[in-house]
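> Provided herewith: my_file_8.txt, compact mmCIF, C-alpha atoms.
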# COMPACT_ATOMS: atom_id res chain seq x y z
CA MET A 36 -12.15 -14.28 -32.90
CA GLY A 37 -13.11 -15.58 -29.52
CA ASN A 38 -13.79 -17.94 -26.68
CA GLU A 39 -17.44 -16.92 -26.72
CA VAL A 40 -19.81 -18.77 -24.42
CA ASN A 41 -23.56 -18.42 -24.06
CA LYS A 42 -26.44 -19.81 -22.09
CA ASP A 43 -26.67 -22.95 -24.20
CA THR A 44 -24.01 -25.64 -24.38
CA ILE A 45 -22.55 -26.04 -27.84
CA SER A 46 -22.75 -29.21 -29.91
CA GLU A 47 -19.83 -31.61 -30.10
CA ALA A 48 -19.28 -30.68 -33.75
CA ASP A 49 -19.23 -26.96 -32.90
CA ALA A 50 -16.89 -27.65 -29.98
CA ASN A 51 -14.50 -29.56 -32.24
CA GLU A 52 -14.56 -26.75 -34.80
CA LYS A 53 -13.85 -24.19 -32.09
CA ILE A 54 -11.01 -26.30 -30.66
CA GLN A 55 -9.41 -26.64 -34.07
CA ALA A 56 -9.70 -22.94 -34.85
CA LEU A 57 -8.21 -21.81 -31.53
CA THR A 58 -5.43 -24.40 -31.63
CA VAL A 59 -4.31 -23.48 -35.12
CA THR A 60 -3.97 -19.74 -34.35
CA ASN A 61 -1.94 -20.06 -31.12
CA ALA A 62 1.43 -19.25 -32.71
CA LEU A 63 0.03 -16.03 -34.19
CA ARG A 64 -1.68 -14.77 -31.05
CA GLU A 65 0.60 -15.97 -28.24
CA PRO A 66 3.05 -13.01 -28.33
CA VAL A 67 0.14 -10.62 -27.78
CA PHE A 68 -1.22 -12.69 -24.89
CA LEU A 69 2.22 -12.68 -23.25
CA SER A 70 2.45 -8.89 -23.58
CA ALA A 71 -1.01 -8.51 -21.99
CA ILE A 72 -0.11 -10.84 -19.12
CA ASP A 73 3.13 -8.91 -18.52
CA ALA A 74 1.10 -5.68 -18.35
CA LEU A 75 -1.41 -7.23 -15.95
CA GLU A 76 1.42 -8.36 -13.64
CA PRO A 77 -0.43 -11.14 -11.81
CA PRO A 78 1.27 -11.45 -8.40
CA ASN A 79 3.65 -14.31 -7.77
CA ALA A 80 2.02 -17.23 -5.92
CA SER A 81 -1.48 -15.81 -6.53
CA HIS A 82 -4.68 -17.67 -7.47
CA GLY A 83 -6.30 -16.35 -10.64
CA LEU A 84 -9.52 -17.02 -12.55
CA ASP A 85 -9.47 -17.51 -16.33
CA ALA A 86 -13.14 -16.90 -17.18
CA GLY A 87 -14.04 -18.32 -20.57
CA CYS A 88 -10.79 -20.31 -20.62
CA SER A 89 -11.62 -22.36 -23.72
CA ILE A 90 -8.87 -24.84 -24.65
CA GLY A 91 -6.58 -23.87 -21.75
CA HIS A 92 -3.81 -22.17 -23.69
CA GLN A 93 -4.00 -18.87 -21.79
CA ALA A 94 -4.37 -20.78 -18.49
CA MET A 95 -0.91 -22.23 -19.06
CA LEU A 96 0.57 -18.82 -19.85
CA LEU A 97 -1.06 -17.40 -16.72
CA ALA A 98 0.21 -20.34 -14.63
CA GLU A 99 3.74 -19.63 -15.79
CA ALA A 100 3.33 -15.96 -14.85
CA VAL A 101 2.27 -16.64 -11.24
CA GLY A 102 5.14 -19.05 -10.59
CA PRO A 103 5.32 -22.52 -9.04
CA ALA A 104 3.33 -21.52 -5.95
CA GLY A 105 0.49 -19.98 -7.95
CA ARG A 106 -2.75 -21.53 -9.19
CA ILE A 107 -5.16 -20.94 -12.06
CA THR A 108 -8.81 -21.95 -12.24
CA GLY A 109 -10.24 -22.07 -15.75
CA LEU A 110 -13.98 -21.79 -16.32
CA ASP A 111 -15.92 -22.50 -19.52
CA LEU A 112 -19.51 -23.38 -20.36
CA SER A 113 -18.60 -26.25 -22.71
CA PRO A 114 -17.74 -29.65 -21.15
CA GLU A 115 -16.41 -30.76 -24.54
CA VAL A 116 -13.97 -27.86 -24.73
CA LEU A 117 -12.88 -28.37 -21.12
CA HIS A 118 -12.26 -32.06 -21.81
CA TYR A 119 -9.79 -30.99 -24.47
CA ALA A 120 -8.29 -28.36 -22.14
CA ARG A 121 -7.62 -30.94 -19.44
CA LYS A 122 -5.88 -33.24 -21.92
CA TYR A 123 -3.92 -30.28 -23.29
CA VAL A 124 -2.76 -29.09 -19.87
CA GLU A 125 -1.96 -32.51 -18.40
CA LYS A 126 0.99 -32.78 -20.80
CA SER A 127 2.46 -29.53 -19.48
CA PRO A 128 4.58 -28.76 -16.39
CA TYR A 129 1.60 -26.78 -15.01
CA ALA A 130 -0.85 -29.69 -14.77
CA GLU A 131 -0.97 -29.75 -10.97
CA ARG A 132 -1.55 -25.99 -10.72
CA ILE A 133 -4.40 -25.56 -13.22
CA PHE A 134 -7.96 -26.59 -12.43
CA PHE A 135 -11.01 -26.50 -14.68
CA LYS A 136 -14.69 -26.11 -13.90
CA VAL A 137 -17.81 -26.03 -16.05
CA GLY A 138 -19.79 -22.88 -15.41
CA ASP A 139 -21.41 -19.71 -16.70
CA VAL A 140 -19.64 -16.37 -16.40
CA ALA A 141 -23.02 -14.78 -15.70
CA GLU A 142 -23.42 -16.95 -12.58
CA LEU A 143 -19.94 -17.88 -11.41
CA PRO A 144 -19.93 -21.05 -9.29
CA PHE A 145 -17.52 -19.57 -6.73
CA ASP A 146 -17.83 -17.87 -3.35
CA ASP A 147 -17.13 -14.18 -2.86
CA ASP A 148 -13.42 -13.28 -2.63
CA SER A 149 -12.27 -16.62 -4.04
CA PHE A 150 -9.50 -15.26 -6.28
CA ASP A 151 -6.67 -12.75 -6.19
CA TRP A 152 -7.48 -11.54 -9.73
CA ALA A 153 -9.58 -12.46 -12.78
CA TRP A 154 -8.87 -12.53 -16.53
CA SER A 155 -11.36 -13.02 -19.36
CA MET A 156 -10.27 -13.09 -23.01
CA ASP A 157 -12.77 -12.94 -25.89
CA CYS A 158 -15.58 -13.65 -23.44
CA VAL A 159 -16.76 -10.89 -21.09
CA GLY A 160 -17.53 -7.95 -23.36
CA TYR A 161 -17.63 -10.32 -26.32
CA LEU A 162 -20.90 -11.99 -25.40
CA PRO A 163 -24.42 -11.02 -26.52
CA GLN A 164 -25.15 -10.12 -22.89
CA ALA A 165 -25.04 -6.86 -20.96
CA PRO A 166 -21.38 -6.51 -19.94
CA VAL A 167 -21.73 -4.75 -16.58
CA PRO A 168 -23.48 -7.67 -14.79
CA LEU A 169 -20.69 -9.95 -16.02
CA LEU A 170 -18.06 -7.56 -14.67
CA ASN A 171 -19.97 -7.43 -11.38
CA GLU A 172 -19.70 -11.23 -11.19
CA LEU A 173 -15.97 -11.16 -11.82
CA ALA A 174 -15.51 -8.44 -9.21
CA ARG A 175 -17.60 -10.41 -6.72
CA VAL A 176 -15.22 -13.37 -6.75
CA VAL A 177 -12.02 -11.26 -6.61
CA LYS A 178 -10.58 -10.10 -3.29
CA SER A 179 -10.34 -6.41 -2.44
CA GLY A 180 -7.36 -4.85 -4.18
CA GLY A 181 -7.31 -7.50 -6.91
CA ARG A 182 -7.54 -6.65 -10.59
CA VAL A 183 -10.09 -7.67 -13.20
CA ALA A 184 -8.97 -7.77 -16.85
CA ILE A 185 -10.97 -8.34 -20.02
CA LEU A 186 -9.45 -8.64 -23.50
CA ALA A 187 -10.78 -8.90 -27.03
CA TRP A 188 -9.60 -8.78 -30.63
CA SER A 189 -10.02 -5.13 -31.64
CA SER A 190 -8.66 -4.58 -35.17
CA GLU A 191 -6.68 -6.05 -38.03
CA ARG A 192 -4.95 -5.21 -41.30
CA LEU A 193 -4.45 -8.58 -42.95
CA LEU A 194 -4.82 -7.74 -46.65
CA PRO A 195 -2.01 -5.34 -47.59
CA GLY A 196 -2.61 -3.74 -50.96
CA TYR A 197 -6.39 -4.20 -50.75
CA PRO A 198 -7.61 -1.55 -48.27
CA ARG A 199 -10.97 -1.00 -50.03
CA LEU A 200 -11.75 -4.72 -50.02
CA GLU A 201 -10.70 -5.07 -46.39
CA ALA A 202 -12.88 -2.08 -45.46
CA ARG A 203 -15.87 -3.75 -47.14
CA LEU A 204 -15.13 -7.01 -45.34
CA GLY A 205 -14.94 -5.08 -42.09
CA ALA A 206 -18.45 -3.70 -42.69
CA THR A 207 -20.03 -7.16 -43.02
CA ALA A 208 -21.86 -8.88 -40.17
CA ALA A 209 -18.82 -11.08 -39.59
CA GLY A 210 -16.51 -8.09 -39.78
CA ILE A 211 -18.21 -6.17 -36.98
CA ALA A 212 -19.09 -9.23 -34.85
CA PRO A 213 -19.78 -9.52 -31.99
CA PHE A 214 -21.12 -5.96 -32.25
CA THR A 215 -24.18 -6.84 -34.31
CA ALA A 216 -26.78 -4.55 -35.84
CA GLY A 217 -29.13 -3.18 -33.20
CA THR A 218 -26.62 -3.48 -30.34
CA ARG A 219 -26.55 -0.51 -27.98
CA PRO A 220 -23.55 1.77 -28.67
CA ASP A 221 -22.44 1.54 -25.03
CA PHE A 222 -22.12 -2.25 -25.41
CA HIS A 223 -19.27 -1.84 -27.91
CA PHE A 224 -16.02 -3.23 -26.47
CA GLN A 225 -14.18 0.07 -26.81
CA ARG A 226 -16.68 1.56 -24.35
CA ALA A 227 -15.45 -0.80 -21.61
CA LEU A 228 -13.94 1.97 -19.46
CA GLY A 229 -17.53 3.02 -18.76
CA TRP A 230 -18.46 -0.56 -17.84
CA PHE A 231 -15.69 -0.70 -15.26
CA LYS A 232 -16.79 2.59 -13.73
CA GLU A 233 -20.41 1.44 -13.60
CA ALA A 234 -19.34 -1.81 -11.94
CA GLY A 235 -17.54 0.18 -9.24
CA LEU A 236 -14.04 -0.90 -10.21
CA GLU A 237 -11.30 1.60 -9.45
CA GLN A 238 -8.57 2.94 -11.73
CA PRO A 239 -9.98 1.65 -15.03
CA GLU A 240 -7.31 1.52 -17.71
CA ALA A 241 -7.11 0.53 -21.38
CA THR A 242 -4.11 -0.81 -23.28
CA THR A 243 -3.84 -2.10 -26.85
CA PHE A 244 -1.30 -4.71 -27.90
CA VAL A 245 -0.13 -5.30 -31.46
CA GLY A 246 0.68 -8.62 -33.08
CA GLU A 247 2.56 -8.75 -36.37
CA ALA A 248 3.44 -11.15 -39.17
CA SER A 249 5.82 -10.46 -42.03
CA ALA A 250 7.50 -12.34 -44.83
CA PRO A 251 9.30 -14.65 -44.92
CA LEU A 252 6.62 -16.46 -42.93
CA THR A 253 7.42 -19.46 -40.77
CA ASP A 254 5.36 -22.57 -41.41
CA ASP A 255 3.42 -21.97 -38.18
CA LEU A 256 2.62 -18.35 -39.00
CA ARG A 257 1.60 -19.23 -42.54
CA ARG A 258 -0.74 -21.93 -41.26
CA ASP A 259 -2.20 -19.55 -38.67
CA LEU A 260 -2.81 -16.80 -41.21
CA GLU A 261 -4.45 -19.23 -43.63
CA ALA A 262 -6.84 -20.24 -40.85
CA LEU A 263 -7.39 -16.62 -39.87
CA PHE A 264 -8.42 -15.60 -43.40
CA GLN A 265 -11.23 -18.16 -43.20
CA MET A 266 -12.15 -17.46 -39.55
CA ARG A 267 -12.28 -13.68 -39.65
CA TRP A 268 -14.90 -13.25 -42.37
CA PRO A 269 -17.06 -16.38 -42.56
CA GLY A 270 -20.17 -16.38 -44.74
CA VAL A 271 -19.54 -12.97 -46.32
CA GLU A 272 -20.24 -13.95 -49.94
CA LYS A 273 -23.84 -12.70 -49.85
CA GLU A 274 -22.80 -9.33 -48.43
CA LEU A 275 -20.13 -8.57 -51.03
CA SER A 276 -20.47 -7.65 -54.68
CA LYS A 277 -19.54 -10.39 -57.14
CA LYS A 278 -16.38 -8.46 -58.01
CA ASP A 279 -15.31 -8.09 -54.36
CA TRP A 280 -16.03 -11.75 -53.59
CA GLU A 281 -13.98 -12.91 -56.56
CA GLU A 282 -11.11 -10.64 -55.55
CA PHE A 283 -11.24 -11.96 -51.98
CA GLN A 284 -11.08 -15.52 -53.28
CA ARG A 285 -8.11 -14.72 -55.54
CA ILE A 286 -6.00 -13.27 -52.74
CA SER A 287 -7.02 -15.51 -49.83
CA LEU A 288 -7.08 -19.05 -51.27
CA PRO A 289 -3.85 -21.11 -51.19
CA GLY A 290 -2.71 -22.01 -54.68
CA SER A 291 -4.09 -18.87 -56.29
CA PRO A 292 -1.54 -16.97 -58.45
CA GLU A 293 -2.43 -13.82 -56.45
CA TYR A 294 -2.36 -15.49 -53.02
CA LEU A 295 -1.25 -12.79 -50.57
CA LEU A 296 0.81 -15.04 -48.33
CA ASP A 297 3.10 -15.79 -51.28
CA GLU A 298 4.03 -12.11 -51.60
CA PRO A 299 7.69 -11.57 -50.64
CA ASP A 300 6.83 -8.28 -48.89
CA TYR A 301 3.72 -9.47 -47.02
CA TYR A 302 3.14 -7.67 -43.72
CA ALA A 303 0.07 -7.75 -41.47
CA PHE A 304 -0.87 -6.72 -37.97
CA TYR A 305 -3.77 -7.11 -35.58
CA THR A 306 -4.60 -5.80 -32.14
CA TYR A 307 -6.04 -7.00 -28.86
CA SER A 308 -7.28 -4.41 -26.36
CA MET A 309 -7.27 -5.01 -22.61
CA PHE A 310 -9.32 -3.15 -20.02
CA THR A 311 -8.52 -3.48 -16.33
CA GLY A 312 -9.87 -2.23 -13.03
CA THR A 313 -9.25 -2.79 -9.32
CA VAL A 314 -11.81 -4.24 -6.90
CA LEU A 315 -12.65 -2.03 -3.93
Give the structure from the file, written as structure tokens.

Amino acid sequence: MGNEVNKDTISEADANEKIQALTVTNALREPVFLSAIDALEPPNASHGLDAGCSIGHQAMLLAEAVGPAGRITGLDLSPEVLHYARKYVEKSPYAERIFFKVGDVAELPFDDDSFDWAWSMDCVGYLPQAPVPLLNELARVVKSGGRVAILAWSSERLLPGYPRLEARLGATAAGIAPFTAGTRPDFHFQRALGWFKEAGLEQPEATTFVGEASAPLTDDLRRDLEALFQMRWPGVEKELSKKDWEEFQRISLPGSPEYLLDEPDYYAFYTYSMFTGTVL
């Protein structure tokens, strides 16, 4: 799950796929984002940075949080994704308070002390880059006393009744991504408190937020979960036994007699974890 960016711009086809995937899971993830924003408490009338803003959904939630006198600047590496974000935001009541800019989180195109706070979801700490230099960049553009927050998807239990299968899926390359084989242990997202300390940010804190879905599912939640089943474990067939792959197909494909989302007692949860620190 993520708004991942890297040094290379993505193709138009990849951008469209990313836009579709993020759009279709908004209903599922939005309650968690709102809880994280409430915990961050961005000051009223402040100017915040949404680094790795993707399609602009969180930028609108952040704009609502800072009130009518506040502003949000969204940054993403993909012009194609930002084109969609601008069209998405211009239909909202926040259009005049949200601005977008193409740029790399590793080299932010902003002066020192440009923002009151910074937020980065599924980006900083989710990239195949050393996290501390990215945190240093975020801290550089935030004024003294302002907070820096990074968030990422941290766990899930989406397949009730199939814990062994879900454990095997979690051990695949897709299941542990973006923490790939060979990555340094201290680059794992749950080690982010150490990143904040190394970057010189004060009062580092960690909080985990839980999102839930239970039967009877609304149409939006059902659609989101269907998309999530396909997004969470892409390309795992070669890493599973034939028996496990067939079982996964039986329970995760719409129309199957054993399709999990048709179960009257279906319940699932997932978590996002947020790490924050204060700029000296």
> Using only C-alpha atoms, which of A:Trp268, A:Trp280, A:Phe244, A:Tyr305 sits nearest Ala74 in chain A?
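That would be A:Phe244, the residue with the smallest distance to Ala74 in chain A.
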> List the neighbours of range 124-141 of chain A out to 9 Å using only C-alpha atoms; skip same-chain residues closer than 5 positions along the sequence, and give me the result as a PDB file with C-alpha atoms, in the coordinates of the input.

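Wrote part_16.pdb, looks like this:
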ATOM      1  CA  VAL A  40     -19.810 -18.770 -24.420  1.00  0.00           C
ATOM      2  CA  ASN A  41     -23.560 -18.420 -24.060  1.00  0.00           C
ATOM      3  CA  LYS A  42     -26.440 -19.810 -22.090  1.00  0.00           C
ATOM      4  CA  ALA A  86     -13.140 -16.900 -17.180  1.00  0.00           C
ATOM      5  CA  GLY A  87     -14.040 -18.320 -20.570  1.00  0.00           C
ATOM      6  CA  CYS A  88     -10.790 -20.310 -20.620  1.00  0.00           C
ATOM      7  CA  ILE A  90      -8.870 -24.840 -24.650  1.00  0.00           C
ATOM      8  CA  GLY A  91      -6.580 -23.870 -21.750  1.00  0.00           C
ATOM      9  CA  HIS A  92      -3.810 -22.170 -23.690  1.00  0.00           C
ATOM     10  CA  ALA A  94      -4.370 -20.780 -18.490  1.00  0.00           C
ATOM     11  CA  MET A  95      -0.910 -22.230 -19.060  1.00  0.00           C
ATOM     12  CA  ALA A  98       0.210 -20.340 -14.630  1.00  0.00           C
ATOM     13  CA  GLU A  99       3.740 -19.630 -15.790  1.00  0.00           C
ATOM     14  CA  PRO A 103       5.320 -22.520  -9.040  1.00  0.00           C
ATOM     15  CA  ALA A 104       3.330 -21.520  -5.950  1.00  0.00           C
ATOM     16  CA  GLY A 105       0.490 -19.980  -7.950  1.00  0.00           C
ATOM     17  CA  ARG A 106      -2.750 -21.530  -9.190  1.00  0.00           C
ATOM     18  CA  ILE A 107      -5.160 -20.940 -12.060  1.00  0.00           C
ATOM     19  CA  THR A 108      -8.810 -21.950 -12.240  1.00  0.00           C
ATOM     20  CA  GLY A 109     -10.240 -22.070 -15.750  1.00  0.00           C
ATOM     21  CA  LEU A 110     -13.980 -21.790 -16.320  1.00  0.00           C
ATOM     22  CA  ASP A 111     -15.920 -22.500 -19.520  1.00  0.00           C
ATOM     23  CA  LEU A 112     -19.510 -23.380 -20.360  1.00  0.00           C
ATOM     24  CA  SER A 113     -18.600 -26.250 -22.710  1.00  0.00           C
ATOM     25  CA  PRO A 114     -17.740 -29.650 -21.150  1.00  0.00           C
ATOM     26  CA  LEU A 117     -12.880 -28.370 -21.120  1.00  0.00           C
ATOM     27  CA  TYR A 119      -9.790 -30.990 -24.470  1.00  0.00           C
ATOM     28  CA  CYS A 158     -15.580 -13.650 -23.440  1.00  0.00           C
ATOM     29  CA  VAL A 159     -16.760 -10.890 -21.090  1.00  0.00           C
ATOM     30  CA  GLN A 164     -25.150 -10.120 -22.890  1.00  0.00           C
ATOM     31  CA  PRO A 168     -23.480  -7.670 -14.790  1.00  0.00           C
ATOM     32  CA  LEU A 169     -20.690  -9.950 -16.020  1.00  0.00           C
ATOM     33  CA  LEU A 170     -18.060  -7.560 -14.670  1.00  0.00           C
ATOM     34  CA  GLU A 172     -19.700 -11.230 -11.190  1.00  0.00           C
ATOM     35  CA  LEU A 173     -15.970 -11.160 -11.820  1.00  0.00           C
TER      36      LEU A 173
END
> Compare A:Ala209, A:Ala62, A:Ala153, A:Leu275 by their minimum atom-to-atom distance to Ser81 in chain A, counting only C-alpha atoms, and give me the closest one.
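Distance minimum relative to Ser81 in chain A lands on A:Ala153.
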> Provide the CA of Leu75 in chain A to CA of Gly181 in chain A distance in Å, to one decimal place.
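Taking CA of Leu75 in chain A and CA of Gly181 in chain A, their separation equals 10.8 Å.
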> Rank nothing, just name the residue among A:Met156, A:Leu296, A:Leu96, A:Ala216 nearest to Thr253 in chain A, using only C-alpha atoms.
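For Thr253 in chain A, the nearest of the candidates is A:Leu296.
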> Between A:Phe222, A:Tyr161, A:Phe283, A:Trp152, which residue has the minimum interatomic distance to Asn79 in chain A, considering all atoms listed in the file?
A:Trp152
> Could you list, with a cut-off of 7 Å and counting only C-alpha atoms, the residues of range 71-187 of chain A near range 230-234 of chain A, each shown with its nearest atom pair and the distance in Å rounded to one decimal, rows sorted by chain and ascending number, as a tab-separated table?

residue	atom	partner	partner_atom	distance
A:Pro166	CA	A:Trp230	CA	7.0
A:Val167	CA	A:Trp230	CA	5.5
A:Leu170	CA	A:Ala234	CA	6.5
A:Asn171	CA	A:Ala234	CA	5.7
> Nearest to Val183 in chain A: which of A:Gly270, A:Pro239, A:Gly205, A:Gly246 is it, counting only C-alpha atoms?
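Closest to Val183 in chain A of all the choices is A:Pro239.
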> Smallest atom-to-atom distance to Gly196 in chain A: which of A:Leu263, A:Val59, A:Ala248, A:Ala303, using only C-alpha atoms?
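Of A:Leu263, A:Val59, A:Ala248, A:Ala303, the one nearest Gly196 in chain A, counting only C-alpha atoms, is A:Ala303.
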> Please, which residues are within 8 Å of (-15.0, -2.2, -27.7) by the file's coordinates, counting all atoms listed in the file, and could they come as a ChimeraX atom specification?
/A:160,187,189,222-227
> Take the point (8.5, -16.0, -42.4) in the file's coordinates, draw a sphere of radius 12 Å around it, and report as JSON, numbers by chain every protein, DNA or RNA residue with an atom inside or on it, counting all atoms listed in the file.
{"A": [63, 247, 248, 249, 250, 251, 252, 253, 254, 255, 256, 257, 258, 259, 260, 296, 297, 298, 299, 300, 301, 302, 303]}
> Work out how far CA of Asn61 in chain A is from CA of Gly312 in chain A, in Å to one decimal.
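Separation of CA of Gly312 in chain A and CA of Asn61 in chain A: 26.6 Å.
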> At what distance in Å, to one decimal, does CA of Leu193 in chain A lie from CA of Ser287 in chain A?
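If I compute the distance from CA of Ser287 in chain A to CA of Leu193 in chain A, I get 10.1 Å.
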> I want to know what sits within 9 Å of Ser190 in chain A, based on only C-alpha atoms, with residues of the same chain fewer than 4 positions away left out; could you give that as a PyMOL selection string?
chain A and resi 304-308
> Using the partial input, fill out range 228-251 of chain A with N, CA and C atoms; write the result as a CSV table (one decimal), in the frame of the given file.

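Result saved to result_6.csv:
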chain,number,residue,atom,x,y,z
A,228,LEU,N,-14.3,1.1,-20.6
A,228,LEU,CA,-13.9,2.0,-19.5
A,228,LEU,C,-15.2,2.4,-18.7
A,229,GLY,N,-16.3,2.7,-19.4
A,229,GLY,CA,-17.5,3.0,-18.8
A,229,GLY,C,-18.1,1.8,-18.0
A,230,TRP,N,-18.0,0.6,-18.5
A,230,TRP,CA,-18.5,-0.6,-17.8
A,230,TRP,C,-17.8,-0.7,-16.5
A,231,PHE,N,-16.4,-0.5,-16.5
A,231,PHE,CA,-15.7,-0.7,-15.3
A,231,PHE,C,-16.1,0.3,-14.2
A,232,LYS,N,-16.3,1.6,-14.7
A,232,LYS,CA,-16.8,2.6,-13.7
A,232,LYS,C,-18.2,2.2,-13.2
A,233,GLU,N,-19.1,1.8,-14.1
A,233,GLU,CA,-20.4,1.4,-13.6
A,233,GLU,C,-20.4,0.3,-12.6
A,234,ALA,N,-19.5,-0.7,-12.8
A,234,ALA,CA,-19.3,-1.8,-11.9
A,234,ALA,C,-18.6,-1.5,-10.6
A,235,GLY,N,-18.2,-0.2,-10.5
A,235,GLY,CA,-17.5,0.2,-9.2
A,235,GLY,C,-16.1,-0.2,-9.1
A,236,LEU,N,-15.5,-0.6,-10.2
A,236,LEU,CA,-14.0,-0.9,-10.2
A,236,LEU,C,-13.2,0.4,-10.3
A,237,GLU,N,-12.1,0.4,-9.5
A,237,GLU,CA,-11.3,1.6,-9.4
A,237,GLU,C,-10.2,1.6,-10.5
A,238,GLN,N,-9.7,2.8,-10.8
A,238,GLN,CA,-8.6,2.9,-11.7
A,238,GLN,C,-8.7,2.2,-13.1
A,239,PRO,N,-9.8,2.3,-13.7
A,239,PRO,CA,-10.0,1.6,-15.0
A,239,PRO,C,-8.9,2.1,-16.0
A,240,GLU,N,-8.3,1.2,-16.7
A,240,GLU,CA,-7.3,1.5,-17.7
A,240,GLU,C,-7.5,0.7,-19.0
A,241,ALA,N,-7.0,1.2,-20.1
A,241,ALA,CA,-7.1,0.5,-21.4
A,241,ALA,C,-5.7,0.5,-22.0
A,242,THR,N,-5.4,-0.6,-22.6
A,242,THR,CA,-4.1,-0.8,-23.3
A,242,THR,C,-4.3,-1.7,-24.5
A,243,THR,N,-3.7,-1.3,-25.6
A,243,THR,CA,-3.8,-2.1,-26.8
A,243,THR,C,-2.5,-2.7,-27.2
A,244,PHE,N,-2.5,-4.0,-27.6
A,244,PHE,CA,-1.3,-4.7,-27.9
A,244,PHE,C,-1.3,-5.1,-29.4
A,245,VAL,N,-0.2,-5.0,-30.0
A,245,VAL,CA,-0.1,-5.3,-31.5
A,245,VAL,C,0.6,-6.6,-31.7
A,246,GLY,N,0.0,-7.4,-32.6
A,246,GLY,CA,0.7,-8.6,-33.1
A,246,GLY,C,1.0,-8.4,-34.5
A,247,GLU,N,2.1,-9.0,-35.0
A,247,GLU,CA,2.6,-8.8,-36.4
A,247,GLU,C,3.0,-10.1,-37.0
A,248,ALA,N,2.9,-10.0,-38.4
A,248,ALA,CA,3.4,-11.2,-39.2
A,248,ALA,C,4.0,-10.6,-40.5
A,249,SER,N,5.2,-11.0,-40.8
A,249,SER,CA,5.8,-10.5,-42.0
A,249,SER,C,6.6,-11.5,-42.7
A,250,ALA,N,6.7,-11.4,-44.0
A,250,ALA,CA,7.5,-12.3,-44.8
A,250,ALA,C,9.0,-12.2,-44.5
A,251,PRO,N,9.8,-13.3,-44.6
A,251,PRO,CA,9.3,-14.6,-44.9
A,251,PRO,C,8.6,-15.3,-43.7
